[in-house]
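See below for model11.txt, which holds compact mmCIF, C-alpha atoms and all ligand atoms.
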```txt
# COMPACT_ATOMS: atom_id res chain seq x y z
CA MET L 865 0.00 0.00 0.00
CA SER L 866 1.43 3.38 -1.03
CA THR L 867 1.87 6.08 1.62
CA ASN L 868 2.32 8.76 -1.01
CA THR L 869 0.04 11.68 -0.07
CA LEU L 870 -0.95 14.80 -1.98
CA ASN L 871 -2.66 18.05 -1.08
CA ILE L 872 -5.95 17.98 -3.02
CA SER L 873 -8.35 20.86 -3.63
CA GLU L 874 -11.15 18.83 -5.25
CA ILE L 875 -11.94 15.74 -7.32
CA PHE L 876 -14.96 16.03 -9.58
CA CYS L 877 -16.35 15.04 -12.95
CA SER L 878 -17.25 17.60 -15.61
CA ILE L 879 -16.94 18.33 -19.31
CA GLN L 880 -13.37 18.96 -20.41
CA GLY L 881 -13.53 22.57 -21.53
CA GLU L 882 -10.17 23.73 -22.81
CA SER L 883 -7.95 21.46 -24.90
CA SER L 884 -8.09 19.09 -27.86
CA PHE L 885 -10.10 16.86 -25.46
CA ALA L 886 -12.79 19.55 -25.02
CA GLY L 887 -16.26 18.10 -24.87
CA TRP L 888 -15.32 14.76 -23.29
CA PRO L 889 -16.62 13.90 -19.84
CA CYS L 890 -13.50 14.09 -17.68
CA THR L 891 -12.61 13.52 -14.04
CA PHE L 892 -10.51 16.33 -12.65
CA ILE L 893 -8.02 15.84 -9.83
CA ARG L 894 -7.25 19.38 -8.74
CA LEU L 895 -4.11 19.69 -6.67
CA ALA L 896 -3.92 22.57 -4.20
CA GLY L 897 -1.16 25.15 -4.18
CA CYS L 898 0.29 27.50 -6.76
CA GLY L 899 1.46 31.03 -5.97
CA HIS L 900 2.29 32.19 -9.50
CA GLY L 901 -0.28 34.96 -9.22
CA CYS L 902 -1.54 35.09 -12.80
CA ARG L 903 -3.96 37.93 -13.36
CA SER L 904 -7.48 36.54 -13.91
CA CYS L 905 -6.62 33.16 -12.37
CA ASP L 906 -9.95 31.33 -12.45
CA THR L 907 -8.98 28.78 -9.81
CA ALA L 908 -7.63 31.15 -7.16
CA TYR L 909 -9.42 29.06 -4.51
CA ALA L 910 -6.97 26.23 -5.29
CA GLU L 911 -3.86 28.35 -4.77
CA THR L 912 -3.92 27.57 -1.04
CA GLY L 913 -5.66 25.16 1.33
CA GLY L 914 -6.53 21.62 0.30
CA THR L 915 -6.84 18.28 2.06
CA ARG L 916 -4.12 15.63 2.29
CA LEU L 917 -5.22 12.39 0.66
CA GLU L 918 -3.34 9.17 0.05
CA GLN L 919 -2.59 8.27 -3.54
CA GLU L 920 -4.69 5.10 -3.36
CA GLU L 921 -7.70 7.10 -2.14
CA ILE L 922 -7.29 9.72 -4.88
CA ILE L 923 -7.18 7.02 -7.54
CA ARG L 924 -10.16 5.20 -6.00
CA ARG L 925 -12.26 8.40 -6.05
CA ALA L 926 -11.17 9.35 -9.57
CA LEU L 927 -11.89 5.93 -11.09
CA ALA L 928 -15.33 5.85 -9.43
CA PHE L 929 -16.57 8.49 -11.92
CA GLN L 930 -15.82 6.11 -14.83
CA ALA L 931 -15.08 9.03 -17.17
CA PRO L 932 -13.25 8.41 -20.46
CA CYS L 933 -10.36 10.60 -19.34
CA ILE L 934 -8.80 11.92 -16.16
CA GLU L 935 -7.03 15.26 -15.84
CA VAL L 936 -4.52 16.21 -13.18
CA THR L 937 -4.69 19.97 -12.75
CA GLY L 938 -4.35 22.72 -10.15
CA GLY L 939 -3.29 25.13 -8.79
CA GLU L 940 0.05 24.07 -10.17
CA PRO L 941 0.13 20.27 -10.04
CA LEU L 942 3.88 19.95 -10.66
CA LEU L 943 4.72 21.75 -7.41
CA GLN L 944 4.02 18.55 -5.45
CA PRO L 945 6.70 15.88 -6.07
CA ALA L 946 4.16 13.19 -5.18
CA VAL L 947 2.27 14.00 -8.39
CA TYR L 948 4.80 11.97 -10.45
CA PRO L 949 4.06 8.56 -8.87
CA LEU L 950 0.34 9.45 -8.90
CA MET L 951 0.41 10.05 -12.67
CA GLN L 952 2.48 6.92 -13.21
CA GLN L 953 -0.01 4.75 -11.34
CA LEU L 954 -2.97 6.31 -13.14
CA CYS L 955 -1.28 5.51 -16.47
CA ASP L 956 -0.62 1.95 -15.26
CA THR L 957 -4.37 1.50 -14.76
CA GLY L 958 -4.81 2.16 -18.49
CA GLN L 959 -6.49 5.55 -18.09
CA GLN L 960 -6.24 8.31 -20.71
CA LEU L 961 -4.45 10.80 -18.50
CA LEU L 962 -4.14 14.53 -19.13
CA LEU L 963 -1.98 16.98 -17.21
CA GLU L 964 -2.69 20.70 -17.26
CA THR L 965 0.19 22.82 -16.05
CA GLY L 966 0.80 26.56 -15.91
CA GLY L 967 4.00 26.16 -17.93
CA PHE L 968 6.40 27.61 -15.34
CA LEU L 969 7.92 24.26 -14.42
CA SER L 970 9.57 21.75 -16.73
CA VAL L 971 7.52 18.70 -17.75
CA ALA L 972 10.72 16.67 -18.27
CA ARG L 973 9.93 14.24 -15.42
CA VAL L 974 6.31 13.62 -16.44
CA ASP L 975 5.54 10.04 -17.55
CA ARG L 976 5.69 9.95 -21.36
CA ARG L 977 2.21 8.36 -21.52
CA VAL L 978 0.63 11.54 -20.09
CA HIS L 979 -0.95 14.02 -22.53
CA LYS L 980 0.61 17.29 -21.41
CA ILE L 981 -1.40 20.52 -21.81
CA ILE L 982 1.05 23.34 -21.19
CA ASP L 983 0.00 26.97 -20.80
CA LEU L 984 1.86 29.69 -22.65
CA LYS L 985 1.08 32.70 -20.45
CA PRO L 986 0.74 35.87 -22.56
CA PRO L 987 1.62 39.43 -21.43
CA SER L 988 -1.85 40.20 -20.01
CA SER L 989 -1.36 37.40 -17.46
CA GLY L 990 1.37 39.50 -15.84
CA VAL L 991 3.65 36.45 -15.65
CA ALA L 992 4.80 35.93 -19.26
CA ALA L 993 8.44 36.20 -18.19
CA GLN L 994 8.00 33.03 -16.12
CA ASN L 995 7.10 30.69 -19.02
CA ASN L 996 9.63 27.86 -18.95
CA PRO L 997 11.31 27.70 -22.41
CA GLU L 998 12.47 24.13 -21.75
CA ASN L 999 8.94 22.83 -22.38
CA ILE L 1000 8.99 24.02 -26.00
CA GLN L 1001 12.40 22.40 -26.52
CA LEU L 1002 11.18 19.13 -24.98
CA ALA L 1003 8.23 19.10 -27.37
CA LEU L 1004 10.31 19.89 -30.44
CA GLN L 1005 12.95 17.28 -29.59
CA ALA L 1006 10.46 14.51 -28.72
CA LEU L 1007 10.03 11.54 -31.04
CA PRO L 1008 6.88 11.95 -33.20
CA ALA L 1009 4.84 9.47 -31.11
CA ASP L 1010 5.73 11.36 -27.92
CA ARG L 1011 5.33 14.79 -29.51
CA GLN L 1012 1.65 14.07 -30.04
CA ARG L 1013 1.32 14.10 -26.27
CA PHE L 1014 2.50 17.71 -26.03
CA GLU L 1015 -0.14 20.39 -26.42
CA PHE L 1016 0.31 24.11 -25.87
CA LYS L 1017 -2.54 26.37 -24.86
CA THR L 1018 -2.72 30.12 -24.77
CA VAL L 1019 -5.62 32.31 -23.66
CA ILE L 1020 -5.71 35.64 -25.45
CA ALA L 1021 -7.18 38.80 -23.89
CA THR L 1022 -5.69 41.54 -26.09
CA ARG L 1023 -4.09 42.19 -29.47
CA GLU L 1024 -0.72 42.40 -27.69
CA ASP L 1025 -1.28 38.86 -26.35
CA TYR L 1026 -2.09 37.65 -29.84
CA GLU L 1027 1.02 39.19 -31.39
CA TRP L 1028 3.18 37.77 -28.59
CA ALA L 1029 1.75 34.27 -29.13
CA ARG L 1030 1.98 34.51 -32.92
CA SER L 1031 5.63 35.46 -32.75
CA LEU L 1032 6.43 32.56 -30.38
CA ILE L 1033 4.53 30.06 -32.55
CA LEU L 1034 6.20 31.24 -35.77
CA GLU L 1035 9.69 31.40 -34.21
CA HIS L 1036 9.53 27.72 -33.18
CA ARG L 1037 7.17 26.56 -35.97
CA LEU L 1038 5.21 25.17 -33.07
CA GLY L 1039 2.00 24.75 -35.03
CA ASP L 1040 3.78 22.45 -37.53
CA SER L 1041 4.87 19.95 -34.88
CA CYS L 1042 2.45 20.17 -31.96
CA THR L 1043 -1.15 20.96 -31.24
CA VAL L 1044 -1.48 24.62 -30.30
CA MET L 1045 -4.84 25.67 -28.87
CA MET L 1046 -5.64 29.37 -28.88
CA GLY L 1047 -8.67 30.76 -27.12
CA VAL L 1048 -10.14 34.00 -25.85
CA ALA L 1049 -10.22 35.05 -22.22
CA PHE L 1050 -13.93 34.79 -21.42
CA GLY L 1051 -15.57 38.24 -21.48
CA GLU L 1052 -12.34 40.06 -22.40
CA LEU L 1053 -12.08 39.50 -26.15
CA GLU L 1054 -14.74 38.73 -28.74
CA PRO L 1055 -14.21 35.24 -30.23
CA ARG L 1056 -14.92 36.66 -33.68
CA GLU L 1057 -12.02 39.08 -33.34
CA LEU L 1058 -9.56 36.30 -32.54
CA ALA L 1059 -10.98 34.14 -35.35
CA GLU L 1060 -10.36 36.95 -37.83
CA TRP L 1061 -6.78 37.48 -36.63
CA ILE L 1062 -6.02 33.75 -36.93
CA LEU L 1063 -7.55 33.51 -40.39
CA GLY L 1064 -5.88 36.73 -41.55
CA ASP L 1065 -2.46 35.38 -40.58
CA ARG L 1066 -3.18 31.77 -41.66
CA LEU L 1067 -1.83 30.77 -38.28
CA ARG L 1068 -1.55 27.00 -37.67
CA VAL L 1069 -3.46 26.86 -34.40
CA ARG L 1070 -6.77 25.42 -33.29
CA MET L 1071 -9.15 28.03 -31.96
CA GLN L 1072 -11.17 27.10 -28.89
CA LEU L 1073 -13.61 28.65 -26.46
CA GLN L 1074 -13.64 27.94 -22.72
CA LEU L 1075 -16.51 25.50 -23.15
CA HIS L 1076 -17.28 25.00 -19.44
CA LYS L 1077 -17.81 28.77 -19.06
CA TYR L 1078 -20.55 28.69 -21.70
CA ILE L 1079 -22.26 25.68 -20.12
CA TRP L 1080 -22.14 26.83 -16.50
CA ASP L 1081 -21.81 30.12 -14.63
CA PRO L 1082 -18.18 31.17 -15.31
CA ARG L 1083 -17.64 31.87 -11.59
CA MET L 1084 -18.79 28.41 -10.52
CA ARG L 1085 -16.16 26.05 -9.10
CA GLY L 1086 -16.07 22.30 -9.59
CA VAL L 1087 -17.00 22.52 -13.28
S1 LIG L 1101 -0.67 28.96 -12.75
FE1 LIG L 1101 -2.85 28.47 -12.86
S2 LIG L 1101 -3.51 28.21 -10.72
FE2 LIG L 1101 -1.52 29.26 -10.67
S3 LIG L 1101 -2.04 31.46 -10.57
FE3 LIG L 1101 -1.73 30.92 -12.74
S4 LIG L 1101 -3.79 30.41 -13.51
FE4 LIG L 1101 -3.88 30.35 -11.26
```

Can I see the file as C-alpha cells?
Amino acid sequence: MSTNTLNISEIFCSIQGESSFAGWPCTFIRLAGCGHGCRSCDTAYAETGGTRLEQEEIIRRALAFQAPCIEVTGGEPLLQPAVYPLMQQLCDTGQQLLLETGGFLSVARVDRRVHKIIDLKPPSSGVAAQNNPENIQLALQALPADRQRFEFKTVIATREDYEWARSLILEHRLGDSCTVMMGVAFGELEPRELAEWILGDRLRVRMQLQLHKYIWDPRMRGV
C-alpha cells in the first residue's frame, strides 16, 4: 500500500472545456497550491488550502466516476513531487491521462504516456516572463509518437497577447509539430475578433472557447 500523499483541492467530474479533449466527460483531480499569481486566475481558490489524501484514495475516487479521461490539474500540479508517482499509477491502470500545467515548471519528469497541456502565459497574465522555455524544446525534440502528447494552450485577452503568441509560434514553428490551442479570455475578447486574426495570418493553431464557461456560470467552481 502506497503512503504517497498529496494536497488535493477537489476531485470532480465535468466536461473537459479547454484542450483538444474539449467536450469529453472528464474527471478532474485538482491539486492545491500554486502562488504564480496570474492575473485573472480562475482557480484562485486552489492556490492555497486543500486536504491531504493518500494516492490510493485519490485514484479510487477518480476511477469511481468512470469518465473516459482523467485530468490532473491545479493550482500548479507539478509543485508537489508526489504527483509523479500518482500520474504513473494512473497511467498503469490504463487511463487516458491529461496533465494541465501553468508552464512555469519543466515537464521533463512527467511520464511519457501523459498528454501534457502546457499553458503559454501571454503578457496580459502579468507572468509571461515566467514561461519555462524548456517545455517548448522538450516538445520539439520529442520523437513523433511522444510529440503528439504535447499540447500548448494560450488564452488571449488583447491584441498584444495575440502578437506575442503569434511570434512565439512562428519562431519555433510550433503549429507544424504540436497541437497549439488558442482561445479567448472569457468576457475580455470577442471570439470573432480572434478568429479573424487567426484567419488573416493563416496561423496553424486550433481556436477554442472555454466550453465549461458557456455551459455553467463562469464563476462556478467544480466545473
Ligand atoms: S498557474 Fe494556474 S492556478 Fe496558478 S495562478 Fe496561474 S492560472 Fe492560477

Check: Do you know which residues lie at most 12 Å from (12.3, 20.4, -27.5), with coordinates as in the file and all atoms listed in the file counted, and could you write them as number ranges by chain?
Finding: L: 970-972, 996-1008, 1010-1011, 1014, 1036-1038, 1041-1042

Given a cut-off of 6 Å, what residues near ligand LIG 1101 (chain L) show up using all atoms listed in the file, put as an mmCIF file with C-alpha atoms, keeping the file's coordinate frame?
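Final file, result38.cif:
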```cif
data_model
loop_
_atom_site.group_PDB
_atom_site.id
_atom_site.type_symbol
_atom_site.label_atom_id
_atom_site.label_comp_id
_atom_site.auth_asym_id
_atom_site.auth_seq_id
_atom_site.Cartn_x
_atom_site.Cartn_y
_atom_site.Cartn_z
ATOM 1 C CA CYS L 898 0.290 27.500 -6.760
ATOM 2 C CA GLY L 899 1.460 31.030 -5.970
ATOM 3 C CA HIS L 900 2.290 32.190 -9.500
ATOM 4 C CA GLY L 901 -0.280 34.960 -9.220
ATOM 5 C CA CYS L 902 -1.540 35.090 -12.800
ATOM 6 C CA CYS L 905 -6.620 33.160 -12.370
ATOM 7 C CA THR L 907 -8.980 28.780 -9.810
ATOM 8 C CA ALA L 908 -7.630 31.150 -7.160
ATOM 9 C CA GLU L 911 -3.860 28.350 -4.770
ATOM 10 C CA GLY L 938 -4.350 22.720 -10.150
ATOM 11 C CA GLY L 939 -3.290 25.130 -8.790
ATOM 12 C CA GLU L 940 0.050 24.070 -10.170
ATOM 13 C CA GLY L 966 0.800 26.560 -15.910
#
```

Could you give me, as an mmCIF file with C-alpha atoms, keeping the file's coordinate frame, the residues within 12 Å of Met1046 of chain L, counting all atoms listed in the file and dropping anything in the same chain fewer than 3 positions from it?
```cif
data_model
loop_
_atom_site.group_PDB
_atom_site.id
_atom_site.type_symbol
_atom_site.label_atom_id
_atom_site.label_comp_id
_atom_site.auth_asym_id
_atom_site.auth_seq_id
_atom_site.Cartn_x
_atom_site.Cartn_y
_atom_site.Cartn_z
ATOM 1 C CA GLU L 882 -10.170 23.730 -22.810
ATOM 2 C CA SER L 883 -7.950 21.460 -24.900
ATOM 3 C CA SER L 884 -8.090 19.090 -27.860
ATOM 4 C CA ILE L 982 1.050 23.340 -21.190
ATOM 5 C CA ASP L 983 0.000 26.970 -20.800
ATOM 6 C CA LEU L 984 1.860 29.690 -22.650
ATOM 7 C CA LYS L 985 1.080 32.700 -20.450
ATOM 8 C CA PRO L 986 0.740 35.870 -22.560
ATOM 9 C CA GLU L 1015 -0.140 20.390 -26.420
ATOM 10 C CA PHE L 1016 0.310 24.110 -25.870
ATOM 11 C CA LYS L 1017 -2.540 26.370 -24.860
ATOM 12 C CA THR L 1018 -2.720 30.120 -24.770
ATOM 13 C CA VAL L 1019 -5.620 32.310 -23.660
ATOM 14 C CA ILE L 1020 -5.710 35.640 -25.450
ATOM 15 C CA ALA L 1021 -7.180 38.800 -23.890
ATOM 16 C CA ASP L 1025 -1.280 38.860 -26.350
ATOM 17 C CA TYR L 1026 -2.090 37.650 -29.840
ATOM 18 C CA ALA L 1029 1.750 34.270 -29.130
ATOM 19 C CA ARG L 1030 1.980 34.510 -32.920
ATOM 20 C CA ILE L 1033 4.530 30.060 -32.550
ATOM 21 C CA GLY L 1039 2.000 24.750 -35.030
ATOM 22 C CA THR L 1043 -1.150 20.960 -31.240
ATOM 23 C CA ALA L 1049 -10.220 35.050 -22.220
ATOM 24 C CA PRO L 1055 -14.210 35.240 -30.230
ATOM 25 C CA LEU L 1058 -9.560 36.300 -32.540
ATOM 26 C CA ALA L 1059 -10.980 34.140 -35.350
ATOM 27 C CA TRP L 1061 -6.780 37.480 -36.630
ATOM 28 C CA ILE L 1062 -6.020 33.750 -36.930
ATOM 29 C CA LEU L 1067 -1.830 30.770 -38.280
ATOM 30 C CA ARG L 1068 -1.550 27.000 -37.670
ATOM 31 C CA VAL L 1069 -3.460 26.860 -34.400
ATOM 32 C CA ARG L 1070 -6.770 25.420 -33.290
ATOM 33 C CA MET L 1071 -9.150 28.030 -31.960
ATOM 34 C CA GLN L 1072 -11.170 27.100 -28.890
ATOM 35 C CA LEU L 1073 -13.610 28.650 -26.460
ATOM 36 C CA GLN L 1074 -13.640 27.940 -22.720
#
```

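Shortest separation to Gly914 of chain L among L:Leu870, L:Gln994, L:Ala1009, L:Ala931 occurs at residue L:Leu870, atoms counted being all atoms listed in the file.
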
Notebook entry, point to check: Which one is closest to Asp975 of chain L: L:Leu961, L:Leu1063, L:Ala886, L:Ala910? Count all atoms listed in the file.
Noted result: L:Leu961

Margin query: For a quick check of understanding, using all atoms listed in the file, which of L:Phe968, L:Tyr909, L:Tyr948, L:Phe885 has the smallest distance to Ile934 of chain L?
Written below: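 Of L:Phe968, L:Tyr909, L:Tyr948, L:Phe885, the one nearest Ile934 of chain L is L:Phe885, counting all atoms listed in the file.
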
Next item on the list: Kindly give the distance, in Å, that separates atom CA of Pro932 of chain L and atom CA of Thr965 of chain L, rounded to a single decimal.
Entry: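 These two atoms are separated by 20.2 Å.
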
Next item on the list: Please measure the separation of atom CA of Glu874 of chain L and atom CA of Pro889 of chain L, giving the value in Å to one decimal.
Entry: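 That distance, rounded to one decimal, is 16.3 Å.
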
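Comparing L:Leu1032, L:Ser878, L:Gly1047, L:Arg976 by their smallest distance to Arg1013 of chain L, the closest is L:Arg976 (using only C-alpha atoms).
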
Next item on the list: Can you work out the spacing between atom CA of Ala992 of chain L and atom CA of Trp1080 of chain L in Å, to one decimal?
Entry: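 Answer for the atom CA of Ala992 of chain L to atom CA of Trp1080 of chain L separation: 28.6 Å.
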
Notebook entry, point to check: Taking only C-alpha atoms into account, which of L:Thr869, L:Ser988, L:Gln1012, L:Gln960 comes nearest Gln930 of chain L?
Noted result: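 Looking only at the distances to Gln930 of chain L, the closest residue turns out to be L:Gln960.
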
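Take the candidates L:Leu927, L:Thr1022, L:Ser1031, L:Gln944 and check each one against Ala896 of chain L using all atoms listed in the file; the shortest distance goes to L:Gln944.
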